[in-house]
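The structure file protein_2.cif is reproduced below (mmCIF, C-alpha atoms).
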data_start
#
loop_
_atom_site.label_atom_id
_atom_site.label_comp_id
_atom_site.auth_asym_id
_atom_site.auth_seq_id
_atom_site.Cartn_x
_atom_site.Cartn_y
_atom_site.Cartn_z
CA MET A 1 20.60 5.51 3.51
CA SER A 2 23.05 4.46 0.79
CA GLY A 3 23.67 1.63 -1.59
CA ILE A 4 20.05 1.41 -2.79
CA VAL A 5 19.13 -1.16 -5.40
CA ASP A 6 15.74 -0.45 -6.94
CA ALA A 7 14.45 -3.96 -7.60
CA HIS A 8 11.43 -2.87 -9.65
CA LEU A 9 11.70 -0.11 -12.25
CA HIS A 10 9.84 0.24 -15.56
CA VAL A 11 10.68 2.03 -18.78
CA TRP A 12 8.61 2.04 -21.95
CA ARG A 13 8.16 3.71 -25.33
CA ILE A 14 4.60 4.36 -26.35
CA ASP A 15 5.70 4.61 -30.00
CA ALA A 16 7.25 1.14 -29.94
CA PRO A 17 5.56 -1.45 -32.18
CA PHE A 18 5.28 -3.80 -29.21
CA HIS A 19 3.71 -1.28 -26.81
CA GLY A 20 0.30 -2.20 -25.44
CA TRP A 21 0.16 -0.79 -21.90
CA PRO A 22 -0.31 1.85 -20.59
CA ALA A 23 -3.02 3.03 -22.97
CA VAL A 24 -4.23 6.53 -23.70
CA THR A 25 -6.96 6.02 -21.09
CA ASP A 26 -4.28 5.65 -18.38
CA GLY A 27 -3.69 9.37 -18.13
CA ALA A 28 -0.24 10.59 -17.16
CA LEU A 29 1.25 7.12 -17.48
CA TYR A 30 0.61 7.29 -21.22
CA ARG A 31 3.91 8.79 -22.25
CA SER A 32 7.33 7.34 -22.81
CA HIS A 33 9.49 6.85 -19.72
CA SER A 34 13.24 6.42 -20.20
CA LEU A 35 16.23 5.75 -17.96
CA ALA A 36 17.01 9.47 -18.14
CA ASP A 37 13.51 10.20 -16.87
CA ALA A 38 14.05 7.72 -14.04
CA ARG A 39 17.31 9.35 -13.03
CA ALA A 40 15.62 12.74 -13.01
CA ALA A 41 12.75 11.39 -10.90
CA MET A 42 15.20 10.00 -8.35
CA GLY A 43 16.90 13.34 -7.79
CA ASP A 44 19.68 12.89 -5.26
CA ALA A 45 18.48 9.51 -3.99
CA PRO A 46 21.54 7.22 -3.72
CA VAL A 47 20.30 4.53 -6.12
CA GLU A 48 23.35 2.49 -7.16
CA ARG A 49 21.63 -0.05 -9.45
CA VAL A 50 18.22 -0.72 -10.92
CA VAL A 51 16.40 -3.81 -12.17
CA LEU A 52 14.23 -3.22 -15.24
CA VAL A 53 10.98 -5.18 -15.21
CA GLN A 54 8.85 -6.00 -18.23
CA ALA A 55 5.55 -4.28 -18.89
CA GLN A 56 4.53 -5.87 -22.21
CA THR A 57 3.67 -9.44 -23.14
CA ASP A 58 5.95 -9.34 -26.16
CA ASP A 59 9.37 -10.86 -26.82
CA ARG A 60 10.45 -7.68 -28.57
CA GLU A 61 10.18 -5.67 -25.37
CA THR A 62 12.46 -8.10 -23.54
CA ASP A 63 15.03 -7.78 -26.34
CA TRP A 64 14.76 -3.98 -26.16
CA LEU A 65 15.20 -3.94 -22.36
CA LEU A 66 18.29 -6.13 -22.70
CA GLU A 67 19.75 -3.69 -25.22
CA ILE A 68 19.25 -0.89 -22.69
CA ALA A 69 20.81 -2.97 -19.92
CA ASP A 70 23.80 -4.00 -22.03
CA ALA A 71 24.50 -0.33 -22.81
CA ASP A 72 24.26 1.02 -19.26
CA PRO A 73 26.08 -0.54 -16.28
CA TRP A 74 23.69 1.24 -13.91
CA VAL A 75 21.12 -1.36 -14.96
CA ALA A 76 21.85 -4.49 -12.95
CA GLY A 77 19.66 -6.56 -15.23
CA VAL A 78 16.26 -7.30 -16.70
CA VAL A 79 13.23 -9.29 -15.66
CA GLY A 80 11.75 -10.13 -19.03
CA TRP A 81 8.77 -11.94 -20.45
CA VAL A 82 8.35 -15.23 -22.29
CA ALA A 83 5.14 -17.09 -23.09
CA LEU A 84 5.97 -19.98 -20.76
CA ASN A 85 3.25 -22.17 -22.24
CA SER A 86 4.56 -21.79 -25.80
CA PRO A 87 6.17 -24.84 -27.46
CA ASP A 88 9.08 -22.53 -28.29
CA ALA A 89 9.56 -21.40 -24.69
CA PRO A 90 12.45 -23.73 -23.73
CA ALA A 91 14.55 -22.66 -26.73
CA ARG A 92 13.74 -18.98 -26.24
CA ILE A 93 14.58 -19.15 -22.54
CA ALA A 94 17.86 -20.94 -23.18
CA THR A 95 18.87 -18.19 -25.60
CA LEU A 96 17.90 -15.41 -23.19
CA ALA A 97 19.61 -17.07 -20.23
CA ALA A 98 22.93 -16.87 -22.07
CA ASN A 99 22.82 -13.09 -21.55
CA PRO A 100 24.06 -12.31 -18.02
CA LYS A 101 21.82 -9.25 -17.88
CA LEU A 102 18.70 -11.44 -18.09
CA LEU A 103 17.97 -12.06 -14.41
CA GLY A 104 14.51 -13.55 -14.52
CA LEU A 105 11.11 -13.75 -16.16
CA ARG A 106 7.67 -12.48 -15.24
CA PRO A 107 4.51 -13.92 -16.74
CA MET A 108 1.58 -11.55 -16.29
CA VAL A 109 -0.27 -13.96 -14.00
CA GLN A 110 -2.57 -11.25 -12.62
CA ALA A 111 -4.09 -10.79 -16.09
CA ILE A 112 -4.74 -14.50 -16.69
CA ALA A 113 -8.28 -15.59 -15.86
CA ASP A 114 -7.27 -19.16 -14.97
CA THR A 115 -6.16 -18.89 -11.34
CA GLU A 116 -4.36 -22.25 -11.59
CA TRP A 117 -2.46 -21.36 -14.78
CA LEU A 118 0.90 -21.71 -13.01
CA LEU A 119 0.24 -25.41 -12.44
CA ARG A 120 -0.51 -26.31 -16.06
CA ASP A 121 1.64 -28.93 -17.80
CA ASP A 122 2.35 -26.71 -20.79
CA VAL A 123 3.65 -23.97 -18.46
CA ALA A 124 5.92 -26.50 -16.73
CA ARG A 125 8.09 -26.80 -19.86
CA GLY A 126 8.98 -23.14 -19.66
CA VAL A 127 9.51 -23.23 -15.91
CA ALA A 128 11.87 -26.19 -16.24
CA ALA A 129 13.88 -24.17 -18.75
CA MET A 130 14.04 -21.29 -16.28
CA VAL A 131 15.43 -23.57 -13.60
CA ALA A 132 17.99 -24.98 -16.04
CA GLY A 133 19.03 -21.45 -16.96
CA GLY A 134 19.35 -20.26 -13.36
CA LEU A 135 16.66 -17.60 -13.78
CA ARG A 136 14.46 -16.04 -11.11
CA PHE A 137 10.67 -15.94 -11.21
CA ASP A 138 8.83 -12.67 -10.55
CA ALA A 139 5.32 -13.60 -9.43
CA LEU A 140 2.95 -10.84 -10.48
CA VAL A 141 0.02 -12.30 -8.60
CA GLN A 142 -3.05 -11.28 -6.65
CA PRO A 143 -4.36 -12.66 -3.35
CA ARG A 144 -6.45 -15.23 -5.27
CA HIS A 145 -3.20 -16.89 -6.39
CA LEU A 146 -1.51 -17.39 -3.02
CA ASP A 147 -2.51 -21.03 -2.45
CA VAL A 148 -1.61 -21.88 -6.04
CA LEU A 149 1.73 -20.09 -5.66
CA ALA A 150 2.50 -22.19 -2.59
CA THR A 151 1.87 -25.37 -4.57
CA PHE A 152 3.97 -23.98 -7.42
CA ALA A 153 6.85 -23.19 -5.06
CA ASP A 154 6.72 -26.71 -3.61
CA ARG A 155 6.71 -28.18 -7.10
CA TRP A 156 9.79 -26.15 -8.10
CA PRO A 157 11.97 -25.93 -4.96
CA ASP A 158 15.05 -24.91 -6.97
CA LEU A 159 13.30 -21.89 -8.50
CA MET A 160 13.82 -18.61 -6.66
CA ILE A 161 10.50 -16.74 -6.56
CA VAL A 162 9.75 -13.16 -5.56
CA ILE A 163 6.19 -11.97 -4.96
CA ASP A 164 5.77 -8.63 -6.71
CA HIS A 165 4.02 -5.87 -4.76
CA ALA A 166 3.23 -8.26 -1.87
CA ALA A 167 0.55 -9.85 -4.10
CA LYS A 168 -1.35 -6.54 -4.47
CA PRO A 169 -3.86 -6.70 -1.59
CA VAL A 170 -5.96 -3.72 -0.60
CA PRO A 171 -4.10 -2.58 2.55
CA PRO A 172 -3.98 -3.76 5.25
CA GLY A 173 -4.95 -7.08 3.63
CA ASP A 174 -7.70 -9.47 4.62
CA VAL A 175 -7.47 -12.69 6.63
CA ASP A 176 -6.85 -14.86 3.57
CA TRP A 177 -4.01 -12.61 2.42
CA HIS A 178 -2.37 -12.73 5.85
CA LYS A 179 -2.69 -16.51 6.00
CA GLY A 180 -1.44 -17.03 2.45
CA MET A 181 1.55 -14.71 2.73
CA ALA A 182 2.59 -16.10 6.10
CA ALA A 183 2.51 -19.61 4.63
CA LEU A 184 4.55 -18.60 1.58
CA ALA A 185 7.14 -16.96 3.80
CA THR A 186 7.91 -20.34 5.41
CA ARG A 187 9.29 -21.51 2.06
CA PRO A 188 12.96 -20.44 1.77
CA SER A 189 12.77 -20.06 -2.00
CA VAL A 190 10.03 -17.41 -1.78
CA TRP A 191 10.94 -13.73 -1.38
CA CYS A 192 8.77 -10.61 -1.47
CA LYS A 193 9.03 -7.09 -2.89
CA LEU A 194 8.12 -4.12 -0.74
CA SER A 195 6.64 -2.23 -3.67
CA GLY A 196 3.32 -1.25 -5.18
CA LEU A 197 1.51 -0.87 -1.86
CA ARG A 198 0.53 2.76 -2.36
CA THR A 199 -1.23 2.08 -5.64
CA GLU A 200 -3.49 -0.42 -3.87
CA GLN A 201 -4.42 1.96 -1.03
CA VAL A 202 -7.77 3.74 -1.10
CA ALA A 203 -7.23 7.18 -2.61
CA GLY A 204 -6.44 9.83 -0.02
CA THR A 205 -5.24 7.37 2.63
CA ASP A 206 -2.24 8.39 4.72
CA PRO A 207 0.78 6.43 3.43
CA LEU A 208 1.91 5.87 7.02
CA ALA A 209 -1.21 3.75 7.47
CA LEU A 210 0.83 1.07 5.70
CA ARG A 211 2.90 0.58 8.85
CA PRO A 212 1.12 -2.60 10.10
CA MET A 213 1.41 -4.20 6.66
CA VAL A 214 5.09 -3.32 6.29
CA GLU A 215 5.82 -4.61 9.78
CA ARG A 216 4.08 -7.91 9.00
CA LEU A 217 5.92 -8.32 5.71
CA HIS A 218 9.24 -7.72 7.44
CA ALA A 219 8.34 -10.15 10.23
CA TRP A 220 7.34 -12.82 7.72
CA PHE A 221 10.11 -12.47 5.14
CA GLY A 222 12.94 -10.79 7.07
CA GLU A 223 16.10 -10.90 4.96
CA ARG A 224 14.01 -12.01 1.96
CA LEU A 225 12.15 -8.68 1.71
CA LEU A 226 13.49 -6.34 -0.99
CA TRP A 227 12.56 -2.78 -1.89
CA GLY A 228 11.34 -1.58 -5.26
CA SER A 229 9.89 1.70 -6.46
CA ASP A 230 7.50 0.45 -9.16
CA TRP A 231 8.29 3.74 -10.92
CA PRO A 232 6.55 5.25 -12.83
CA VAL A 233 3.42 3.27 -11.91
CA LEU A 234 3.64 4.67 -8.38
CA SER A 235 2.50 8.01 -9.80
CA VAL A 236 -1.01 6.53 -10.04
CA ALA A 237 -1.18 7.00 -6.26
CA GLY A 238 -0.02 10.60 -6.62
CA ASP A 239 3.45 9.76 -5.33
CA SER A 240 6.79 10.88 -6.68
CA TYR A 241 9.84 8.63 -6.47
CA GLY A 242 10.99 10.61 -3.45
CA ASP A 243 7.59 10.31 -1.76
CA TRP A 244 7.67 6.50 -1.77
CA LEU A 245 11.29 6.46 -0.66
CA ALA A 246 10.47 8.83 2.21
CA THR A 247 7.48 6.70 3.19
CA VAL A 248 9.62 3.57 3.42
CA ARG A 249 12.29 5.42 5.36
CA ALA A 250 9.65 6.55 7.86
CA LEU A 251 8.06 3.11 8.14
CA THR A 252 11.40 1.36 8.71
CA ALA A 253 13.04 3.97 10.92
CA GLY A 254 12.91 1.60 13.88
CA LEU A 255 14.90 -1.14 12.18
CA PRO A 256 18.60 -1.59 12.91
CA ALA A 257 20.84 -0.03 10.26
CA GLY A 258 21.93 -3.41 8.95
CA GLU A 259 18.35 -4.57 8.41
CA ARG A 260 17.44 -1.36 6.58
CA ALA A 261 20.48 -1.75 4.35
CA ARG A 262 19.45 -5.32 3.63
CA LEU A 263 15.92 -4.23 2.67
CA MET A 264 17.09 -1.37 0.45
CA GLY A 265 19.86 -3.13 -1.39
CA GLY A 266 21.38 -6.29 0.01
CA ALA A 267 18.31 -8.48 -0.50
CA ALA A 268 17.97 -7.47 -4.17
CA ARG A 269 21.65 -8.18 -4.76
CA ASP A 270 21.29 -11.63 -3.27
CA PHE A 271 17.99 -12.52 -4.92
CA TYR A 272 18.97 -11.44 -8.41
CA GLY A 273 22.65 -12.35 -8.05
CA VAL A 274 23.98 -8.91 -8.96
#
Represent the structure of the file as structure tokens.
Amino acid sequence: MSGIVDAHLHVWRIDAPFHGWPAVTDGALYRSHSLADARAAMGDAPVERVVLVQAQTDDRETDWLLEIADADPWVAGVVGWVALNSPDAPARIATLAANPKLLGLRPMVQAIADTEWLLRDDVARGVAAMVAGGLRFDALVQPRHLDVLATFADRWPDLMIVIDHAAKPVPPGDVDWHKGMAALATRPSVWCKLSGLRTEQVAGTDPLALRPMVERLHAWFGERLLWGSDWPVLSVAGDSYGDWLATVRALTAGLPAGERARLMGGAARDFYGV
């Protein structure tokens, strides 16, 4: 397997003034993780490019991630954060979109109590600015958001959306998750990341038990399914970078070579335009 694009990688500095998560109660995650740490974690995995994804709800983190990306061509780009419902959001987004390394934005929808937050009028101003700036939308959602996300996608057909971590169901997903994801997959603007599944599994579960879920996601999204590590968060499940990569290799061994290459790199290149 070559030409990997990791579509979901995190870095953070716990000493940064904008750092809020992970906290000291989050165990091993509570230490700084840098690009050098990521490279070391990857070992000899043939990862050609990475996409850095926000972890803080703070403009300063997005600026910091862009500085990292501008300084290192290995970083394909950044998925940042903006308070989409802020009156200042359109101006902030227009400024960020001028930087070619800013690929998209990710509001922390999973942490917002209002399940229908995405459909609010004040959020629409920010989303309109994203569309105008050609940015992608990373949907950090949970199964409770799937119907709302479908309405959101229909409302913004020109906005490319990717569902982070397959919407974070407890594997193998319940009936509502299956129904919601299958419906979202019929919308050509909606993509999905094959990431974060291990951290939602019950502790001690065989990672190969994810096979039915991975097969369904591939059947639903096909060429719109892209791989991400979710490093270093994946360590919560006790996995190393290589463990998750090996799991995906095992679960997709039956796919034709071209489809595996698409999953591991081509889809991310197309979705993020890198």
Report task. Tell me which protein, DNA and RNA residues are within 7 Å of Ala267 in chain A, counting only C-alpha atoms, leaving out same-chain ones fewer than 5 positions away, and put them as a PyMOL selection string. Result -> chain A and resi 223-226+262
Could you save those same residues with C-alpha atoms as a PDB file, keeping the file's coordinate frame?
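Contents of again_38.pdb, as written:
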ATOM      1  CA  GLU A 223      16.100 -10.900   4.960  1.00  0.00           C
ATOM      2  CA  ARG A 224      14.010 -12.010   1.960  1.00  0.00           C
ATOM      3  CA  LEU A 225      12.150  -8.680   1.710  1.00  0.00           C
ATOM      4  CA  LEU A 226      13.490  -6.340  -0.990  1.00  0.00           C
ATOM      5  CA  ARG A 262      19.450  -5.320   3.630  1.00  0.00           C
TER       6      ARG A 262
END
Query raised in the report: When the PyMOL selection byres ((chain A and resi 243-249) around 8) is applied to the file above, which residues end up in the set, as a count of residues only?
Result: 12
Requested in this report: Would you mind listing what lies within 7 Å of range 55-58 of chain A as a list in words, with all atoms listed in the file counted and same-chain residues fewer than 6 positions away left out?
Outcome: Phe18, His19, Gly20, Trp21 and Trp81 of chain A
Requested in this report: For range 121-124 of chain A, list every protein, DNA or RNA residue within 9 Å, evaluated using all atoms listed in the file, and leave out those in the same chain fewer than 4 positions away; present the list as a PyMOL selection string.
Outcome: chain A and resi 83-87+89+117+128-129
Mind listing as a PDB file with C-alpha atoms, keeping the file's coordinate frame all residues within 12 Å of (8.7, -4.7, -23.4), counting all atoms listed in the file?
ATOM      1  CA  HIS A  10       9.840   0.240 -15.560  1.00  0.00           C
ATOM      2  CA  VAL A  11      10.680   2.030 -18.780  1.00  0.00           C
ATOM      3  CA  TRP A  12       8.610   2.040 -21.950  1.00  0.00           C
ATOM      4  CA  ARG A  13       8.160   3.710 -25.330  1.00  0.00           C
ATOM      5  CA  ILE A  14       4.600   4.360 -26.350  1.00  0.00           C
ATOM      6  CA  ASP A  15       5.700   4.610 -30.000  1.00  0.00           C
ATOM      7  CA  ALA A  16       7.250   1.140 -29.940  1.00  0.00           C
ATOM      8  CA  PRO A  17       5.560  -1.450 -32.180  1.00  0.00           C
ATOM      9  CA  PHE A  18       5.280  -3.800 -29.210  1.00  0.00           C
ATOM     10  CA  HIS A  19       3.710  -1.280 -26.810  1.00  0.00           C
ATOM     11  CA  GLY A  20       0.300  -2.200 -25.440  1.00  0.00           C
ATOM     12  CA  TRP A  21       0.160  -0.790 -21.900  1.00  0.00           C
ATOM     13  CA  PRO A  22      -0.310   1.850 -20.590  1.00  0.00           C
ATOM     14  CA  LEU A  52      14.230  -3.220 -15.240  1.00  0.00           C
ATOM     15  CA  VAL A  53      10.980  -5.180 -15.210  1.00  0.00           C
ATOM     16  CA  GLN A  54       8.850  -6.000 -18.230  1.00  0.00           C
ATOM     17  CA  ALA A  55       5.550  -4.280 -18.890  1.00  0.00           C
ATOM     18  CA  GLN A  56       4.530  -5.870 -22.210  1.00  0.00           C
ATOM     19  CA  THR A  57       3.670  -9.440 -23.140  1.00  0.00           C
ATOM     20  CA  ASP A  58       5.950  -9.340 -26.160  1.00  0.00           C
ATOM     21  CA  ASP A  59       9.370 -10.860 -26.820  1.00  0.00           C
ATOM     22  CA  ARG A  60      10.450  -7.680 -28.570  1.00  0.00           C
ATOM     23  CA  GLU A  61      10.180  -5.670 -25.370  1.00  0.00           C
ATOM     24  CA  THR A  62      12.460  -8.100 -23.540  1.00  0.00           C
ATOM     25  CA  ASP A  63      15.030  -7.780 -26.340  1.00  0.00           C
ATOM     26  CA  TRP A  64      14.760  -3.980 -26.160  1.00  0.00           C
ATOM     27  CA  LEU A  65      15.200  -3.940 -22.360  1.00  0.00           C
ATOM     28  CA  LEU A  66      18.290  -6.130 -22.700  1.00  0.00           C
ATOM     29  CA  GLU A  67      19.750  -3.690 -25.220  1.00  0.00           C
ATOM     30  CA  ILE A  68      19.250  -0.890 -22.690  1.00  0.00           C
ATOM     31  CA  VAL A  78      16.260  -7.300 -16.700  1.00  0.00           C
ATOM     32  CA  VAL A  79      13.230  -9.290 -15.660  1.00  0.00           C
ATOM     33  CA  GLY A  80      11.750 -10.130 -19.030  1.00  0.00           C
ATOM     34  CA  TRP A  81       8.770 -11.940 -20.450  1.00  0.00           C
ATOM     35  CA  VAL A  82       8.350 -15.230 -22.290  1.00  0.00           C
ATOM     36  CA  LEU A 105      11.110 -13.750 -16.160  1.00  0.00           C
ATOM     37  CA  ARG A 106       7.670 -12.480 -15.240  1.00  0.00           C
TER      38      ARG A 106
END
